[in-house]
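S.K.: Shown below is the structure under consideration.
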Amino acid sequence: MTGPDPVPSAVALKIDVDWHEAETSHHWELFLEDADGQPVLMETGEGTQPVEVRGEFTVSQPLGIPEGSPIDVALAVNLGPLPLAPGTRFAWRLMIDGEALPGASLGFTTRPRPQPADG
């Protein structure tokens, strides 16, 4: 849960890289989607844009780790305040090398805006 007012947030990622994919550059993309799976759009200085973050990572095969072991990669994406609609469901979807991975989506909800008390 977050909001209802925009607040800074972050997304933490833990990625297990297969042993045979070490030493290879991997491209990741994180997309913010609404409850219908549609991109969330924001007004920017360059017009209306989807909320997306992209990057690259490469891992090495660590010494002393048995061959075939997955290699952990930890990434943190810090986000400024996003003006998301109150009382709404959203999800961050991760893709790596153009593929959506099972379980690579995280949903969250914005709190509804409190109703003013009748006076």
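In the structure tokens, chains take the letters A, B, ... in the order shown, each chain's residues start at 1, and ligands count up from 1 in the order shown.
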Excluding region 13-16 of chain A and any residue of its chain fewer than 5 positions from it, enumerate the residues within 6 Å of it, using only C-alpha atoms, and give them as a list in words.
M.R.: Pro70, Ile71, Asp72, Val73, Ala74 and Leu75 of chain A
S.K.: Can you list, as number ranges by chain, all residues belonging to chain A that DSSP tags as strand (DSSP E)?
M.R.: A: 9-17, 26-34, 41-44, 47-50, 52-57, 71-79, 89-96, 99-109
S.K.: Quick one: everything within 12 Å of region 53-62 of chain A, counting only C-alpha atoms, minus sequence neighbours fewer than 6 positions away in the same chain. Send it as a PyMOL selection string.
M.R.: chain A and resi 10-11+15-32+68-79+92-98
S.K.: Compile the contact shell of region 112-115 of chain A as a ChimeraX atom specification: residues with an atom at most 8 Å away, counting only C-alpha atoms, same-chain residues fewer than 6 positions apart removed.
M.R.: /A:3-4,86-88
S.K.: One number please: CA of Arg111 (chain A) to CA of Glu43 (chain A), in Å, one decimal.
M.R.: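 Spanning CA of Arg111 (chain A) to CA of Glu43 (chain A) is a straight-line distance of 21.7 Å.
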S.K.: Measure the distance from CA of Glu52 (chain A) to CA of Ala104 (chain A) in Å and round it to one decimal.
M.R.: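 Computed distance, CA of Glu52 (chain A) to CA of Ala104 (chain A), equals 14.8 Å.
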S.K.: Can you work out the spacing between CA of Asp5 (chain A) and CA of Ala85 (chain A) in Å, to one decimal?
M.R.: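 So the answer is 8.8 Å.
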S.K.: Quick one: of A:Ala91, A:Val51, A:Ala35, A:Val7, who's nearest to Ser105 (chain A), counting only C-alpha atoms?
M.R.: A:Ala91
S.K.: When you count only C-alpha atoms, which of these residues is closest to Met1 (chain A): A:Leu63, A:Leu106, A:Ala117, A:Leu101?
M.R.: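 Among A:Leu63, A:Leu106, A:Ala117, A:Leu101, it is A:Leu106 that comes nearest to Met1 (chain A).
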S.K.: With distances taken over only C-alpha atoms, which of A:Gly64, A:Pro102, A:Gly37, A:Pro50 is nearest to Leu82 (chain A)?
M.R.: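 Smallest separation from Leu82 (chain A) among the options: A:Pro50.
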